[in-house]
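S.K.: I'd like to ask some things about the structure below.
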Amino acid sequence: MNTRQNIDETVGPYSLSATFNSDSSCFSVGLESGFCVFNASPCELKVSRDFNAGISVVEMLGQSNYLAIVGGGRNPKFPQNKLVIWDDAKQKAAITLEFRTSVLGVRLSRSRIVVALLNSIHVFAFSTPPKKLSVYETSDNPLGLACLGPKLIAFPGRSPGQVQLVEIETGNITIIPAHSSPLRSMALSPDGEVLATASEAGTLIRVFSTSNCTKLAELRRGVDHAAIFSLSFSPSNTLLAVTSDKSTLHVFDVPHPRVARRSQSPAVVADEGSNLKWGILGKLPLLPRVFSDVYSFASAHFEIGDEKIPGSPTPQPLGSLGRPAKGVIGWIDDQTILVIGSGREGRWEKFILRDGDDGKRYCMRNGWKRYLGS
């Protein structure tokens, strides 16, 4: 007779999502029981709120006391079609917005609330009561992709692979045909002048000027397909970090319309024929383009954890159970990169960019921590 009790795998903290704020000084974590906010470096708990119910999306407004939260998990705090702007100083909801379908992503600024649903983007003025300003149709956007910059909002277009750029002040819309397959990740530079995109193929990252939609660069992550987890620009707008389900963090030089190129980084512009991976082979004619593409100047391994991230032609929302967010990137400065992930092994990792004695630059892990505790 077997008298052993079944092991309850649900015991212990489980993070449904992990997201940096706009300057990566903090990151917020959605839990099965509420949410937490951590200082990013060093990784230290700042705020913990226990609702005895699940929060799947937590988006901070800078370093303020306002957070956008959406219910989730096995026992959601709110219906998943409801967005709550939470005033943590007063410990209550300041604004509540309801939609016909689930809220998949949120972006906040002091003047705007941008909400991503599966097939639409809703833009509100950050006011009490909130005023709806615009609604835009999109192709299927299960990951809730949207970027909110100082002057622009970027999100998927009506056709897979397209990006819509909307000027906040004028409402003018520009379409960028970024990829031939659906978007998997996108990021605006801190100044809003450069956009990076990746598709479900995950082999190439394309970089565009937002002022005229010119393609500035095409960067190769690798030759085999991968799920891109995160794209993030450095504070100087001239470096781009990329993570994927290959458990690799890549760092690229990227051109900027208003910033002079690093003299030691000729690989910034692909048409110069320089290549950091293949050297002289990149200049030989008739070879496959992978030999002439621009590769990252540095890379490092980050931990995904033991949790299986199921592959799917249509990815599930990052905050949903069964697909915890992994490889989320934040920059502390141009030499310091943080990578966080959610799930049962919520993990924080720190990487440093350093110059080697051989003249090359390297990305080295400098520390790590399980932020949910052992």
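Residues in the structure tokens are named by chain (A, B, ... in the order shown) and by number from 1 within that chain; ligands are numbered from 1 in the order shown.
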At a cut-off of 12 Å, using only C-alpha atoms, what residues contact Leu372 (chain A)? Leave out same-chain residues fewer than 5 positions from it and give the result as a tab-separated table (two decimals) with N, CA, C and O atoms, in the first residue's frame.

M.R.:
```tsv
chain	number	residue	atom	x	y	z
A	12	GLY	N	4.76	26.98	-3.30
A	12	GLY	CA	5.87	27.90	-3.52
A	12	GLY	C	5.50	29.00	-4.48
A	12	GLY	O	4.53	28.89	-5.23
A	13	PRO	N	6.26	30.08	-4.47
A	13	PRO	CA	5.95	31.22	-5.34
A	13	PRO	C	6.13	30.88	-6.81
A	13	PRO	O	7.01	30.10	-7.18
A	14	TYR	N	5.28	31.46	-7.63
A	14	TYR	CA	5.37	31.27	-9.08
A	14	TYR	C	5.08	32.61	-9.73
A	14	TYR	O	4.03	33.21	-9.51
A	15	SER	N	6.03	33.11	-10.49
A	15	SER	CA	5.84	34.41	-11.14
A	15	SER	C	5.28	34.22	-12.53
A	15	SER	O	5.77	33.41	-13.31
A	16	LEU	N	4.21	34.95	-12.82
A	16	LEU	CA	3.55	34.85	-14.12
A	16	LEU	C	4.16	35.78	-15.15
A	16	LEU	O	4.02	35.56	-16.35
A	18	ALA	N	7.39	39.17	-15.70
A	18	ALA	CA	8.45	40.02	-15.17
A	18	ALA	C	8.73	41.10	-16.21
A	18	ALA	O	8.95	40.79	-17.38
A	29	VAL	N	6.86	42.16	-10.96
A	29	VAL	CA	6.62	40.73	-11.14
A	29	VAL	C	5.17	40.43	-10.78
A	29	VAL	O	4.70	40.78	-9.70
A	30	GLY	N	4.45	39.79	-11.72
A	30	GLY	CA	3.10	39.32	-11.45
A	30	GLY	C	3.14	37.93	-10.86
A	30	GLY	O	3.86	37.06	-11.35
A	31	LEU	N	2.39	37.72	-9.78
A	31	LEU	CA	2.43	36.46	-9.05
A	31	LEU	C	1.05	35.81	-9.00
A	31	LEU	O	0.03	36.47	-9.23
A	35	PHE	N	1.49	40.92	-6.58
A	35	PHE	CA	2.63	41.40	-7.36
A	35	PHE	C	3.73	41.89	-6.44
A	35	PHE	O	3.51	42.19	-5.26
A	36	CYS	N	4.94	41.99	-7.00
A	36	CYS	CA	6.11	42.53	-6.30
A	36	CYS	C	6.82	43.52	-7.21
A	36	CYS	O	6.72	43.44	-8.43
A	37	VAL	N	7.55	44.43	-6.59
A	37	VAL	CA	8.44	45.34	-7.31
A	37	VAL	C	9.82	45.22	-6.69
A	37	VAL	O	9.97	45.23	-5.46
A	38	PHE	N	10.84	45.09	-7.55
A	38	PHE	CA	12.22	44.96	-7.10
A	38	PHE	C	13.05	46.12	-7.64
A	38	PHE	O	12.83	46.58	-8.77
A	43	CYS	N	19.59	43.61	-6.96
A	43	CYS	CA	18.25	43.01	-6.98
A	43	CYS	C	17.73	42.90	-5.56
A	43	CYS	O	18.15	42.02	-4.80
A	44	GLU	N	16.84	43.82	-5.18
A	44	GLU	CA	16.30	43.86	-3.82
A	44	GLU	C	14.81	44.14	-3.86
A	44	GLU	O	14.35	45.00	-4.62
A	45	LEU	N	14.06	43.42	-3.02
A	45	LEU	CA	12.62	43.62	-2.94
A	45	LEU	C	12.29	45.02	-2.45
A	45	LEU	O	12.83	45.48	-1.45
A	48	SER	N	5.82	44.56	-1.98
A	48	SER	CA	5.14	43.28	-2.14
A	48	SER	C	3.68	43.45	-1.74
A	48	SER	O	3.39	43.93	-0.65
A	340	ILE	N	16.07	39.11	-16.84
A	340	ILE	CA	15.20	38.50	-15.85
A	340	ILE	C	14.23	37.53	-16.52
A	340	ILE	O	13.96	37.64	-17.71
A	341	GLY	N	13.75	36.59	-15.74
A	341	GLY	CA	12.77	35.63	-16.23
A	341	GLY	C	11.80	35.28	-15.14
A	341	GLY	O	12.11	35.36	-13.95
A	342	SER	N	10.61	34.87	-15.54
A	342	SER	CA	9.60	34.50	-14.55
A	342	SER	C	9.43	32.99	-14.55
A	342	SER	O	10.18	32.25	-15.19
A	343	GLY	N	8.43	32.49	-13.81
A	343	GLY	CA	8.23	31.06	-13.64
A	343	GLY	C	8.54	30.65	-12.22
A	343	GLY	O	8.63	31.49	-11.31
A	344	ARG	N	8.71	29.36	-11.99
A	344	ARG	CA	9.00	28.89	-10.64
A	344	ARG	C	10.40	29.29	-10.20
A	344	ARG	O	10.64	29.53	-9.02
A	345	GLU	N	11.32	29.37	-11.14
A	345	GLU	CA	12.68	29.82	-10.82
A	345	GLU	C	12.86	31.24	-11.34
A	345	GLU	O	13.63	31.47	-12.28
A	346	GLY	N	12.15	32.17	-10.76
A	346	GLY	CA	12.31	33.56	-11.16
A	346	GLY	C	13.76	33.99	-10.97
A	346	GLY	O	14.29	33.92	-9.86
A	347	ARG	N	14.40	34.41	-12.03
A	347	ARG	CA	15.85	34.60	-11.99
A	347	ARG	C	16.25	35.98	-12.49
A	347	ARG	O	15.66	36.51	-13.44
A	348	TRP	N	17.24	36.55	-11.84
A	348	TRP	CA	17.85	37.83	-12.19
A	348	TRP	C	19.32	37.56	-12.50
A	348	TRP	O	20.00	36.89	-11.74
```

S.K.: With the cut-off set at 12 Å and counting only C-alpha atoms, tabulate each residue of region 20-131 of chain A with an atom at most that distance from an atom of region 188-199 of chain A, showing the nearest atom pair and its distance in Å to one decimal, ordered by chain and increasing number, as JSON lines.

M.R.:
```
{"residue": "A:Ser22", "atom": "CA", "partner": "A:Pro190", "partner_atom": "CA", "distance": 8.6}
{"residue": "A:Asp23", "atom": "CA", "partner": "A:Pro190", "partner_atom": "CA", "distance": 8.5}
{"residue": "A:Ser24", "atom": "CA", "partner": "A:Pro190", "partner_atom": "CA", "distance": 11.2}
```

S.K.: Skipping near chain neighbours, those fewer than 5 positions away, what residues fall within 7 Å of Met364 (chain A) using only C-alpha atoms, listed as an mmCIF file with C-alpha atoms, in the first residue's frame?

M.R.:
```cif
data_model
loop_
_atom_site.group_PDB
_atom_site.id
_atom_site.type_symbol
_atom_site.label_atom_id
_atom_site.label_comp_id
_atom_site.auth_asym_id
_atom_site.auth_seq_id
_atom_site.Cartn_x
_atom_site.Cartn_y
_atom_site.Cartn_z
ATOM 1 C CA ALA A 300 26.740 35.148 -23.383
ATOM 2 C CA PHE A 351 26.114 40.939 -17.474
ATOM 3 C CA ILE A 352 29.008 43.348 -18.067
ATOM 4 C CA LEU A 353 30.444 44.462 -21.425
#
```

S.K.: In Å to one decimal, how far is CA of Thr248 (chain A) from CA of Gly202 (chain A)?

M.R.: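 Computing it gives 12.6 Å between the two atoms.
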
S.K.: So how many Å separate CA of Ser25 (chain A) and CA of Asn39 (chain A), to one decimal?

M.R.: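 The value is 6.3 Å.
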
S.K.: Please provide the set of residues having any atom within 12 Å of Gln91 (chain A), restricted to only C-alpha atoms, with same-chain residues fewer than 2 positions apart removed, written as a list in words.

M.R.: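 Close residues of Gln91 (chain A): Val47, Ser48, Arg49, Asp50, Phe51, Asn65, Tyr66, Leu67, Ile85, Trp86, Asp87, Asp88, Ala89, Ala93 and Ala94 of chain A.
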
S.K.: Keeping only N, CA and C atoms, write those residues as a short mmCIF file (atom, residue, chain, number, x, y, z; two decimals), in the first residue's frame.

M.R.:
```cif
data_model
loop_
_atom_site.label_atom_id
_atom_site.label_comp_id
_atom_site.auth_asym_id
_atom_site.auth_seq_id
_atom_site.Cartn_x
_atom_site.Cartn_y
_atom_site.Cartn_z
N VAL A 47 8.66 46.42 -3.02
CA VAL A 47 7.24 46.42 -2.67
C VAL A 47 6.69 45.01 -2.88
N SER A 48 5.82 44.56 -1.98
CA SER A 48 5.14 43.28 -2.14
C SER A 48 3.68 43.45 -1.74
N ARG A 49 2.77 43.07 -2.64
CA ARG A 49 1.34 43.20 -2.37
C ARG A 49 0.68 41.84 -2.54
N ASP A 50 0.03 41.39 -1.49
CA ASP A 50 -0.62 40.08 -1.49
C ASP A 50 -2.12 40.28 -1.66
N PHE A 51 -2.66 39.86 -2.80
CA PHE A 51 -4.10 39.93 -3.08
C PHE A 51 -4.79 38.59 -2.87
N ASN A 65 4.19 55.66 -8.21
CA ASN A 65 3.38 54.71 -7.44
C ASN A 65 2.25 54.11 -8.28
N TYR A 66 2.21 54.42 -9.58
CA TYR A 66 1.16 53.89 -10.45
C TYR A 66 1.66 52.66 -11.21
N LEU A 67 0.81 51.63 -11.24
CA LEU A 67 1.10 50.42 -11.99
C LEU A 67 -0.16 49.99 -12.72
N ILE A 85 -5.48 50.59 -13.30
CA ILE A 85 -4.34 51.44 -12.96
C ILE A 85 -4.35 51.56 -11.44
N TRP A 86 -3.37 50.94 -10.82
CA TRP A 86 -3.31 50.80 -9.37
C TRP A 86 -2.46 51.92 -8.77
N ASP A 87 -3.02 52.65 -7.82
CA ASP A 87 -2.29 53.67 -7.07
C ASP A 87 -1.76 53.00 -5.81
N ASP A 88 -0.49 52.64 -5.80
CA ASP A 88 0.03 51.88 -4.67
C ASP A 88 0.18 52.74 -3.42
N ALA A 89 0.27 54.06 -3.58
CA ALA A 89 0.36 54.93 -2.41
C ALA A 89 -0.96 54.90 -1.63
N ALA A 93 -7.52 51.12 -6.69
CA ALA A 93 -7.58 51.36 -8.12
C ALA A 93 -7.88 52.83 -8.39
N ALA A 94 -7.07 53.46 -9.25
CA ALA A 94 -7.31 54.85 -9.62
C ALA A 94 -8.13 54.93 -10.90
#
```

S.K.: Find the residues near region 229-232 of chain A: any atom within 7 Å, counting only C-alpha atoms, skip ones fewer than 3 places away on the same chain, and give them as a PyMOL selection string.

M.R.: chain A and resi 185-187+240-245+326-330

S.K.: Just the selected residues (N, CA and C atoms), exported as a PDB file, in the first residue's frame, please.

M.R.:
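What follows is the written file part-v2.pdb:
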```pdb
ATOM      1  N   SER A 185       8.893  40.257 -31.762  1.00  0.00           N
ATOM      2  CA  SER A 185       9.398  41.191 -30.765  1.00  0.00           C
ATOM      3  C   SER A 185       9.697  42.515 -31.438  1.00  0.00           C
ATOM      4  N   MET A 186       9.637  43.596 -30.665  1.00  0.00           N
ATOM      5  CA  MET A 186       9.969  44.922 -31.191  1.00  0.00           C
ATOM      6  C   MET A 186      10.387  45.824 -30.040  1.00  0.00           C
ATOM      7  N   ALA A 187      11.178  46.852 -30.370  1.00  0.00           N
ATOM      8  CA  ALA A 187      11.647  47.778 -29.345  1.00  0.00           C
ATOM      9  C   ALA A 187      11.961  49.121 -29.975  1.00  0.00           C
ATOM     10  N   LEU A 240      22.238  47.222 -29.117  1.00  0.00           N
ATOM     11  CA  LEU A 240      20.997  46.468 -29.057  1.00  0.00           C
ATOM     12  C   LEU A 240      21.287  45.090 -28.482  1.00  0.00           C
ATOM     13  N   ALA A 241      20.541  44.723 -27.437  1.00  0.00           N
ATOM     14  CA  ALA A 241      20.665  43.397 -26.838  1.00  0.00           C
ATOM     15  C   ALA A 241      19.474  42.544 -27.262  1.00  0.00           C
ATOM     16  N   VAL A 242      19.730  41.253 -27.488  1.00  0.00           N
ATOM     17  CA  VAL A 242      18.709  40.327 -27.992  1.00  0.00           C
ATOM     18  C   VAL A 242      18.816  39.018 -27.222  1.00  0.00           C
ATOM     19  N   THR A 243      17.691  38.474 -26.770  1.00  0.00           N
ATOM     20  CA  THR A 243      17.671  37.140 -26.172  1.00  0.00           C
ATOM     21  C   THR A 243      16.699  36.251 -26.945  1.00  0.00           C
ATOM     22  N   SER A 244      16.936  34.947 -26.866  1.00  0.00           N
ATOM     23  CA  SER A 244      16.075  34.004 -27.570  1.00  0.00           C
ATOM     24  C   SER A 244      16.008  32.693 -26.802  1.00  0.00           C
ATOM     25  N   ASP A 245      15.194  31.762 -27.321  1.00  0.00           N
ATOM     26  CA  ASP A 245      15.072  30.462 -26.665  1.00  0.00           C
ATOM     27  C   ASP A 245      16.295  29.583 -26.876  1.00  0.00           C
ATOM     28  N   LYS A 326      10.646  34.882 -20.266  1.00  0.00           N
ATOM     29  CA  LYS A 326      12.067  34.590 -20.088  1.00  0.00           C
ATOM     30  C   LYS A 326      12.893  35.595 -20.882  1.00  0.00           C
ATOM     31  N   GLY A 327      14.136  35.791 -20.427  1.00  0.00           N
ATOM     32  CA  GLY A 327      15.081  36.597 -21.188  1.00  0.00           C
ATOM     33  C   GLY A 327      14.687  38.047 -21.364  1.00  0.00           C
ATOM     34  N   VAL A 328      13.985  38.643 -20.393  1.00  0.00           N
ATOM     35  CA  VAL A 328      13.569  40.051 -20.490  1.00  0.00           C
ATOM     36  C   VAL A 328      14.772  40.929 -20.166  1.00  0.00           C
ATOM     37  N   ILE A 329      15.078  41.876 -21.065  1.00  0.00           N
ATOM     38  CA  ILE A 329      16.327  42.646 -20.981  1.00  0.00           C
ATOM     39  C   ILE A 329      16.089  44.041 -20.432  1.00  0.00           C
ATOM     40  N   GLY A 330      17.013  44.474 -19.566  1.00  0.00           N
ATOM     41  CA  GLY A 330      17.053  45.859 -19.106  1.00  0.00           C
ATOM     42  C   GLY A 330      18.494  46.336 -19.072  1.00  0.00           C
TER      43      GLY A 330
END
```

S.K.: Can you tell me which residues surround Tyr136 (chain A) at a distance of at most 9 Å, considering only C-alpha atoms, apart from same-chain residues fewer than 2 positions away, and format the answer as number ranges by chain?

M.R.: A: 119-123, 134, 138, 157-158

S.K.: Please list as JSON, numbers by chain every residue within 7 Å of region 70-83 of chain A, counting only C-alpha atoms and excluding residues in the same chain fewer than 4 positions away.

M.R.: {"A": [32, 53, 54, 55, 56, 57, 58, 96, 97, 98, 99, 100, 101, 102, 103, 320, 321]}

S.K.: At what distance in Å, to one decimal, does CA of Gly34 (chain A) lie from CA of Thr128 (chain A)?

M.R.: 24.6 Å

S.K.: Taking the backbone alone, and naming residues the way the document does, which bits of region 27-266 of chain A are strand (DSSP E or B) by DSSP, as a ChimeraX atom specification?

M.R.: /A:27-31,34-39,44-50,54-60,66-71,76,82-87,92-98,105-108,112-116,120-125,131-137,147-148,152-156,162-167,173-177,183-188,194-199,204-209,215-220,228-233,239-244,248-253,256,259

S.K.: Take the residues just selected and output them with C-alpha atoms as a compact mmCIF listing (two decimals), in the first residue's frame.

M.R.:
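Listing of again_25.txt after writing:
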```txt
# COMPACT_ATOMS: atom_id res chain seq x y z
CA PHE A 27 11.25 45.49 -12.41
CA SER A 28 7.75 44.33 -11.53
CA VAL A 29 6.62 40.73 -11.14
CA GLY A 30 3.10 39.32 -11.45
CA LEU A 31 2.43 36.46 -9.05
CA GLY A 34 -0.41 39.45 -6.18
CA PHE A 35 2.63 41.40 -7.36
CA CYS A 36 6.11 42.53 -6.30
CA VAL A 37 8.44 45.34 -7.31
CA PHE A 38 12.22 44.96 -7.10
CA ASN A 39 15.07 47.42 -7.39
CA GLU A 44 16.30 43.86 -3.82
CA LEU A 45 12.62 43.62 -2.94
CA LYS A 46 11.01 47.05 -2.84
CA VAL A 47 7.24 46.42 -2.67
CA SER A 48 5.14 43.28 -2.14
CA ARG A 49 1.34 43.20 -2.37
CA ASP A 50 -0.62 40.08 -1.49
CA GLY A 54 -3.29 36.18 -9.51
CA ILE A 55 -1.84 39.11 -11.47
CA SER A 56 -0.49 38.24 -14.92
CA VAL A 57 0.56 41.69 -16.17
CA VAL A 58 2.26 44.44 -14.15
CA GLU A 59 3.53 47.54 -15.93
CA MET A 60 5.11 50.36 -13.90
CA TYR A 66 1.16 53.89 -10.45
CA LEU A 67 1.10 50.42 -11.99
CA ALA A 68 -1.09 48.88 -14.68
CA ILE A 69 -2.25 45.42 -13.59
CA VAL A 70 -4.29 42.65 -15.22
CA GLY A 71 -5.61 39.54 -13.50
CA PRO A 76 -7.32 35.87 -11.25
CA LYS A 82 -10.19 44.49 -17.25
CA LEU A 83 -7.20 46.82 -16.87
CA VAL A 84 -6.65 48.47 -13.51
CA ILE A 85 -4.34 51.44 -12.96
CA TRP A 86 -3.31 50.80 -9.37
CA ASP A 87 -2.29 53.67 -7.07
CA LYS A 92 -6.58 51.23 -4.46
CA ALA A 93 -7.58 51.36 -8.12
CA ALA A 94 -7.31 54.85 -9.62
CA ILE A 95 -8.61 53.96 -13.10
CA THR A 96 -10.45 50.91 -14.42
CA LEU A 97 -10.88 50.10 -18.11
CA GLU A 98 -12.91 47.20 -19.48
CA GLY A 105 -0.17 44.12 -23.07
CA VAL A 106 0.01 47.62 -21.57
CA ARG A 107 2.36 50.57 -21.96
CA LEU A 108 2.25 53.69 -19.78
CA ARG A 112 -0.91 57.99 -22.33
CA ILE A 113 -2.24 54.51 -21.59
CA VAL A 114 -1.72 52.10 -24.51
CA VAL A 115 -3.60 48.79 -24.32
CA ALA A 116 -2.94 45.84 -26.64
CA SER A 120 -6.50 46.13 -31.76
CA ILE A 121 -4.57 48.84 -29.93
CA HIS A 122 -6.48 51.29 -27.72
CA VAL A 123 -4.96 54.63 -26.72
CA PHE A 124 -6.26 56.67 -23.77
CA ALA A 125 -5.26 59.93 -22.15
CA LYS A 131 -10.40 59.67 -22.30
CA LYS A 132 -10.26 57.29 -25.25
CA LEU A 133 -8.22 58.93 -28.00
CA SER A 134 -7.79 56.29 -30.72
CA VAL A 135 -8.33 52.66 -31.68
CA TYR A 136 -6.19 50.92 -34.31
CA GLU A 137 -6.75 47.54 -35.93
CA CYS A 147 6.08 50.31 -27.87
CA LEU A 148 5.46 53.76 -26.39
CA LEU A 152 5.64 57.68 -31.14
CA ILE A 153 3.60 54.55 -30.59
CA ALA A 154 4.67 51.42 -32.50
CA PHE A 155 2.64 48.23 -32.84
CA PRO A 156 1.85 45.51 -35.42
CA GLN A 162 4.05 45.12 -40.72
CA VAL A 163 4.65 47.82 -38.12
CA GLN A 164 2.40 50.83 -37.61
CA LEU A 165 4.06 54.01 -36.33
CA VAL A 166 1.71 56.66 -34.92
CA GLU A 167 2.85 60.18 -34.06
CA ILE A 173 0.35 56.89 -39.31
CA THR A 174 3.28 55.33 -41.16
CA ILE A 175 3.52 51.69 -42.20
CA ILE A 176 6.84 49.80 -42.22
CA PRO A 177 6.87 46.45 -44.08
CA LEU A 183 6.26 39.94 -35.57
CA ARG A 184 7.71 38.25 -32.50
CA SER A 185 9.40 41.19 -30.76
CA MET A 186 9.97 44.92 -31.19
CA ALA A 187 11.65 47.78 -29.34
CA LEU A 188 12.04 51.55 -29.61
CA VAL A 194 15.27 53.88 -33.89
CA LEU A 195 13.02 50.82 -34.05
CA ALA A 196 14.18 47.18 -33.91
CA THR A 197 11.95 44.29 -35.00
CA ALA A 198 12.14 40.51 -35.15
CA SER A 199 9.74 38.05 -36.74
CA LEU A 204 17.25 38.46 -38.51
CA ILE A 205 16.68 41.65 -36.54
CA ARG A 206 15.90 44.69 -38.65
CA VAL A 207 16.60 48.24 -37.50
CA PHE A 208 14.71 51.26 -38.87
CA SER A 209 14.82 55.03 -38.52
CA LYS A 215 16.17 50.46 -42.88
CA LEU A 216 19.41 51.26 -41.06
CA ALA A 217 20.71 47.75 -40.50
CA GLU A 218 19.95 44.05 -40.74
CA LEU A 219 21.48 42.00 -37.96
CA ARG A 220 21.80 38.23 -37.93
CA ILE A 228 13.10 35.97 -29.82
CA PHE A 229 12.32 36.74 -26.19
CA SER A 230 13.37 40.38 -25.92
CA LEU A 231 14.94 43.29 -27.79
CA SER A 232 16.30 46.29 -25.89
CA PHE A 233 18.39 49.37 -26.75
CA LEU A 239 23.68 49.11 -28.73
CA LEU A 240 21.00 46.47 -29.06
CA ALA A 241 20.67 43.40 -26.84
CA VAL A 242 18.71 40.33 -27.99
CA THR A 243 17.67 37.14 -26.17
CA SER A 244 16.08 34.00 -27.57
CA THR A 248 21.91 33.21 -25.65
CA LEU A 249 22.20 36.94 -25.07
CA HIS A 250 23.58 38.75 -28.14
CA VAL A 251 24.80 42.36 -28.23
CA PHE A 252 25.02 44.34 -31.49
CA ASP A 253 26.28 47.74 -32.50
CA HIS A 256 21.78 55.90 -35.24
CA VAL A 259 25.03 59.56 -33.34
```
